[in-house]
>>> print(open('data-v8.csv').read())   # CSV, C-alpha atoms
chain,number,residue,atom,x,y,z
A,1,MET,CA,0.0,0.0,0.0
A,2,LYS,CA,1.3,3.4,-0.9
A,3,VAL,CA,0.5,6.8,0.6
A,4,GLN,CA,1.0,10.3,-0.9
A,5,ALA,CA,3.4,12.8,0.8
A,6,LYS,CA,0.6,15.3,1.5
A,7,GLN,CA,-1.5,12.6,3.2
A,8,VAL,CA,1.4,11.7,5.5
A,9,GLN,CA,1.9,15.4,6.4
A,10,GLN,CA,-1.9,15.8,7.1
A,11,ASP,CA,-1.8,12.7,9.4
A,12,LEU,CA,1.2,14.1,11.3
A,13,GLN,CA,-0.4,17.5,11.6
A,14,SER,CA,-3.7,16.1,12.8
A,15,GLY,CA,-1.9,14.3,15.7
A,16,LYS,CA,-1.9,10.8,14.3
A,17,ARG,CA,0.9,8.7,15.6
A,18,VAL,CA,3.0,7.7,12.6
A,19,ALA,CA,6.3,5.9,12.7
A,20,LEU,CA,8.5,7.2,9.8
A,21,ILE,CA,11.1,4.6,8.9
A,22,ASP,CA,13.8,5.9,6.5
A,23,VAL,CA,15.6,2.9,4.8
A,24,ARG,CA,18.2,5.0,2.9
A,25,THR,CA,21.9,5.1,3.7
A,26,PRO,CA,23.2,7.2,6.6
A,27,VAL,CA,24.8,9.6,4.1
A,28,GLU,CA,21.6,10.2,2.3
A,29,HIS,CA,19.7,10.6,5.6
A,30,ARG,CA,22.3,13.2,6.7
A,31,GLU,CA,21.9,15.1,3.5
A,32,MET,CA,18.2,15.5,3.9
A,33,HIS,CA,15.4,13.7,5.7
A,34,ILE,CA,11.8,14.2,7.0
A,35,ALA,CA,11.7,15.5,10.5
A,36,GLY,CA,11.0,12.7,13.0
A,37,SER,CA,12.1,9.9,10.7
A,38,ARG,CA,14.2,7.1,12.1
A,39,LEU,CA,17.1,5.8,10.1
A,40,MET,CA,17.1,2.1,9.5
A,41,PRO,CA,19.2,1.4,6.4
A,42,LEU,CA,17.7,-1.3,4.1
A,43,ASP,CA,20.9,-3.4,4.1
A,44,LYS,CA,20.7,-3.7,7.9
A,45,LEU,CA,17.0,-3.6,8.3
A,46,ASP,CA,16.0,-5.5,11.4
A,47,PRO,CA,12.3,-6.4,11.8
A,48,ASP,CA,12.6,-6.3,15.7
A,49,SER,CA,13.9,-2.7,15.5
A,50,VAL,CA,11.1,-1.7,13.2
A,51,LYS,CA,8.6,-3.4,15.5
A,52,ALA,CA,10.0,-1.4,18.5
A,53,ALA,CA,9.8,1.9,16.6
A,54,ALA,CA,6.2,1.1,15.5
A,55,VAL,CA,4.9,0.4,19.0
A,56,GLY,CA,2.2,2.9,20.0
A,57,ASN,CA,1.9,4.2,16.4
A,58,GLU,CA,-1.2,4.0,14.2
A,59,SER,CA,0.8,3.4,11.1
A,60,CYS,CA,4.4,2.8,9.9
A,61,VAL,CA,5.5,4.6,6.7
A,62,LEU,CA,8.6,3.4,4.9
A,63,ILE,CA,10.7,6.1,3.2
A,64,CYS,CA,13.5,6.1,0.7
A,65,ARG,CA,14.7,8.4,-2.0
A,66,SER,CA,12.2,7.4,-4.7
A,67,GLY,CA,10.2,4.4,-3.4
A,68,LYS,CA,12.2,1.5,-4.7
A,69,ARG,CA,14.1,0.6,-1.5
A,70,ALA,CA,11.0,1.2,0.5
A,71,GLU,CA,9.2,-1.4,-1.6
A,72,GLN,CA,12.0,-3.9,-0.8
A,73,ALA,CA,11.8,-3.1,2.9
A,74,TYR,CA,8.0,-3.5,2.7
A,75,GLU,CA,8.4,-7.0,1.2
A,76,LYS,CA,11.0,-8.0,3.8
A,77,LEU,CA,8.8,-6.7,6.7
A,78,ARG,CA,5.6,-8.3,5.3
A,79,ALA,CA,7.5,-11.6,5.2
A,80,ALA,CA,8.3,-11.1,8.9
A,81,GLY,CA,4.6,-10.7,9.7
A,82,PHE,CA,4.1,-6.9,9.7
A,83,GLU,CA,0.6,-5.8,8.7
A,84,ASN,CA,0.3,-2.0,9.2
A,85,LEU,CA,2.9,-0.8,6.7
A,86,THR,CA,2.7,1.8,3.9
A,87,ILE,CA,5.2,3.2,1.5
A,88,LEU,CA,5.8,6.9,0.9
A,89,GLU,CA,5.0,7.1,-2.8
A,90,GLY,CA,7.9,8.8,-4.7
A,91,GLY,CA,10.0,8.9,-1.5
A,92,VAL,CA,11.8,12.0,-0.3
A,93,ILE,CA,11.8,13.3,-3.9
A,94,ASP,CA,8.0,13.6,-4.1
A,95,TRP,CA,8.0,14.9,-0.5
A,96,GLU,CA,10.3,17.7,-1.6
A,97,SER,CA,8.4,18.3,-4.8
A,98,ALA,CA,5.2,18.7,-2.8
A,99,GLY,CA,6.9,21.6,-1.0
A,100,LEU,CA,6.9,19.8,2.3
A,101,PRO,CA,9.7,20.5,4.8
A,102,LEU,CA,12.9,18.5,5.0
A,103,GLU,CA,15.7,18.8,7.5
A,104,ARG,CA,19.1,19.3,5.7
A,105,SER,CA,22.7,18.9,6.8
A,106,SER,CA,24.5,22.2,7.2
A,107,GLY,CA,27.9,20.5,6.9
A,108,LYS,CA,30.1,20.9,3.9
A,109,HIS,CA,30.1,17.7,2.0
A,110,LEU,CA,29.4,16.6,-1.5
A,111,PRO,CA,26.0,14.8,-1.7
A,112,LEU,CA,26.3,11.1,-2.5
A,113,MET,CA,24.5,11.3,-5.9
A,114,ARG,CA,26.7,14.2,-7.0
A,115,GLN,CA,29.7,12.0,-6.1
A,116,VAL,CA,28.3,9.3,-8.3
A,117,GLN,CA,27.7,11.7,-11.1
A,118,LEU,CA,31.2,13.1,-10.8
A,119,ILE,CA,32.9,9.7,-10.9
A,120,ILE,CA,30.8,8.4,-13.8
A,121,GLY,CA,31.3,11.7,-15.8
A,122,LEU,CA,35.1,11.6,-15.2
A,123,LEU,CA,35.4,8.0,-16.2
A,124,ALA,CA,33.2,8.4,-19.3
A,125,LEU,CA,35.2,11.5,-20.4
A,126,THR,CA,38.5,9.7,-19.7
A,127,GLY,CA,37.5,6.6,-21.6
A,128,SER,CA,36.3,8.7,-24.6
A,129,VAL,CA,39.4,10.8,-24.7
A,130,LEU,CA,41.6,7.6,-24.5
A,131,ALA,CA,39.5,5.9,-27.2
A,132,LEU,CA,40.1,8.9,-29.5
A,133,THR,CA,43.8,9.4,-28.8
A,134,VAL,CA,45.4,6.1,-27.6
A,135,ASP,CA,43.4,3.0,-28.5
A,136,ARG,CA,39.8,2.6,-29.6
A,137,ASN,CA,39.4,-0.3,-27.2
A,138,PHE,CA,39.1,2.3,-24.4
A,139,ALA,CA,35.6,2.9,-25.7
A,140,ILE,CA,34.5,-0.1,-23.6
A,141,LEU,CA,34.7,2.1,-20.5
A,142,PRO,CA,31.9,4.6,-21.4
A,143,ALA,CA,29.9,1.6,-22.7
A,144,ILE,CA,30.2,-0.2,-19.3
A,145,LEU,CA,29.2,3.1,-17.5
A,146,GLY,CA,26.2,3.5,-19.8
A,147,ALA,CA,25.1,-0.1,-19.0
A,148,GLY,CA,25.5,0.6,-15.3
A,149,LEU,CA,23.4,3.8,-15.5
A,150,THR,CA,20.7,1.9,-17.5
A,151,MET,CA,20.6,-0.7,-14.8
A,152,ALA,CA,20.5,1.9,-12.0
A,153,GLY,CA,17.7,3.8,-13.7
A,154,SER,CA,15.6,0.8,-14.3
A,155,THR,CA,16.0,-1.0,-11.0
A,156,GLY,CA,16.7,1.8,-8.5
A,157,TRP,CA,19.9,-0.1,-7.4
A,158,CYS,CA,23.2,1.7,-7.9
A,159,GLY,CA,26.3,-0.3,-6.9
A,160,LEU,CA,28.5,2.8,-7.2
A,161,ALA,CA,26.3,4.7,-4.7
A,162,ILE,CA,26.4,1.8,-2.3
A,163,LEU,CA,30.2,1.6,-2.6
A,164,LEU,CA,30.7,5.3,-2.1
A,165,SER,CA,28.4,5.3,0.9
A,166,LYS,CA,30.9,3.0,2.6
A,167,MET,CA,33.9,5.2,1.9
A,168,PRO,CA,35.7,6.9,4.9
A,169,TRP,CA,34.7,10.5,3.8
A,170,ASN,CA,31.0,9.4,3.8
A,171,LYS,CA,31.0,8.1,7.4
A,172,VAL,CA,28.4,9.6,9.6
A,173,GLU,CA,29.4,10.8,13.1
A,174,CYS,CA,26.8,10.3,15.8
A,175,GLY,CA,27.7,11.1,19.4
A,176,GLY,CA,31.4,11.4,18.5
A,177,ARG,CA,31.7,8.0,17.0
A,178,ASN,CA,31.4,6.5,13.6
A,179,VAL,CA,28.2,4.4,13.3
A,180,LYS,CA,26.2,2.8,10.5
A,181,SER,CA,22.9,4.2,11.8
A,182,CYS,CA,21.8,7.0,14.1
A,183,SER,CA,18.8,5.1,15.3
A,184,VAL,CA,20.7,2.8,17.6
>>> encode(input="data-v8.csv", output="structure tokens")
Amino acid sequence: MKVQAKQVQQDLQSGKRVALIDVRTPVEHREMHIAGSRLMPLDKLDPDSVKAAAVGNESCVLICRSGKRAEQAYEKLRAAGFENLTILEGGVIDWESAGLPLERSSGKHLPLMRQVQLIIGLLALTGSVLALTVDRNFAILPAILGAGLTMAGSTGWCGLAILLSKMPWNKVECGGRNVKSCSV
């Protein structure tokens, strides 16, 4: 079951108890998130933690960037016996497009998706220049990058973004220590 961003906002404003579970990476959550959402990254999603967060709430809304990872979390949690789950349709992207408030990091860091774009752009440019000037076999590099972008666009899964989220410069500090999730 999916729910629109404006409906979630109305429920929150009317005083309904709604558990907001954000299944994105800690870096994405740090960049921007819905106030009151709890970070529980999909790759470490624990049904018991979600159950504890949902206690006393009327509903539990799963959030990600666009809705794809929330759907995966939904399936995983349904298999574990959860009943009262909804997915924020369009994720944080639609939330922002609807003009609803987001909390944003004030720190100076390059957002994860810009890191992905920068690396893919540099590798594609380098491969193209090398193919034109050194050996045409270097054209395989932009072709591989194009295939990767096609897969990421069609599935919502980006291996490069996952890899970059684990890099040291993308570690999230909580309480003075590096942790994978701030919801511990």
>>> atom_distance(input="data-v8.csv", atom1="atom CA of Ala161 of chain A", atom2="atom CA of Ala19 of chain A")
26.5 Å
>>> atom_distance(input="data-v8.csv", atom1="atom CA of Met113 of chain A", atom2="atom CA of Ile162 of chain A")
10.3 Å
>>> residues_near_point(input="data-v8.csv", point="(26.5, 3.1, -2.1)", cutoff="10 Å", atoms="only C-alpha atoms", output="list of chain:residue names")
A:Arg24, A:Thr25, A:Val27, A:Glu28, A:Leu112, A:Met113, A:Val116, A:Trp157, A:Cys158, A:Gly159, A:Leu160, A:Ala161, A:Ile162, A:Leu163, A:Leu164, A:Ser165, A:Lys166, A:Met167, A:Asn170
>>> closest_residue(input="data-v8.csv", among="A:Gly36, A:Leu42, A:Leu132, A:Gly15", to="Arg65 of chain A", atoms="only C-alpha atoms")
A:Leu42
>>> atom_distance(input="data-v8.csv", atom1="atom CA of Ile63 of chain A", atom2="atom CA of Ile21 of chain A")
5.9 Å
>>> residues_around(input="data-v8.csv", residues="Val23 of chain A", least_positions_apart="3", cutoff="12 Å", atoms="all atoms listed in the file", output="PyMOL selection string")
chain A and resi 20+26-29+33+37-46+50+61-74+76-77+87-88+91-92+181-183
>>> closest_residue(input="data-v8.csv", among="A:Thr150, A:Ser128, A:Ser105, A:Gln117", to="Glu31 of chain A", atoms="all atoms listed in the file")
A:Ser105
>>> closest_atom_pairs(input="data-v8.csv", of="segment 97-148 of chain A", to="segment 1-5 of chain A", cutoff="10 Å", atoms="all atoms listed in the file", output="JSON lines")
{"residue": "A:Ser97", "atom": "CA", "partner": "A:Ala5", "partner_atom": "CA", "distance": 9.3}
{"residue": "A:Ala98", "atom": "CA", "partner": "A:Ala5", "partner_atom": "CA", "distance": 7.1}
{"residue": "A:Gly99", "atom": "CA", "partner": "A:Ala5", "partner_atom": "CA", "distance": 9.6}
{"residue": "A:Leu100", "atom": "CA", "partner": "A:Ala5", "partner_atom": "CA", "distance": 8.0}
>>> closest_residue(input="data-v8.csv", among="A:Ala147, A:Ser106, A:Pro47, A:Ala35", to="Ala79 of chain A", atoms="all atoms listed in the file")
A:Pro47
>>> residues_around(input="data-v8.csv", residues="Ala139 of chain A", least_positions_apart="2", cutoff="9 Å", atoms="all atoms listed in the file", output="ChimeraX atom specification")
/A:124,127-132,135-137,141-144
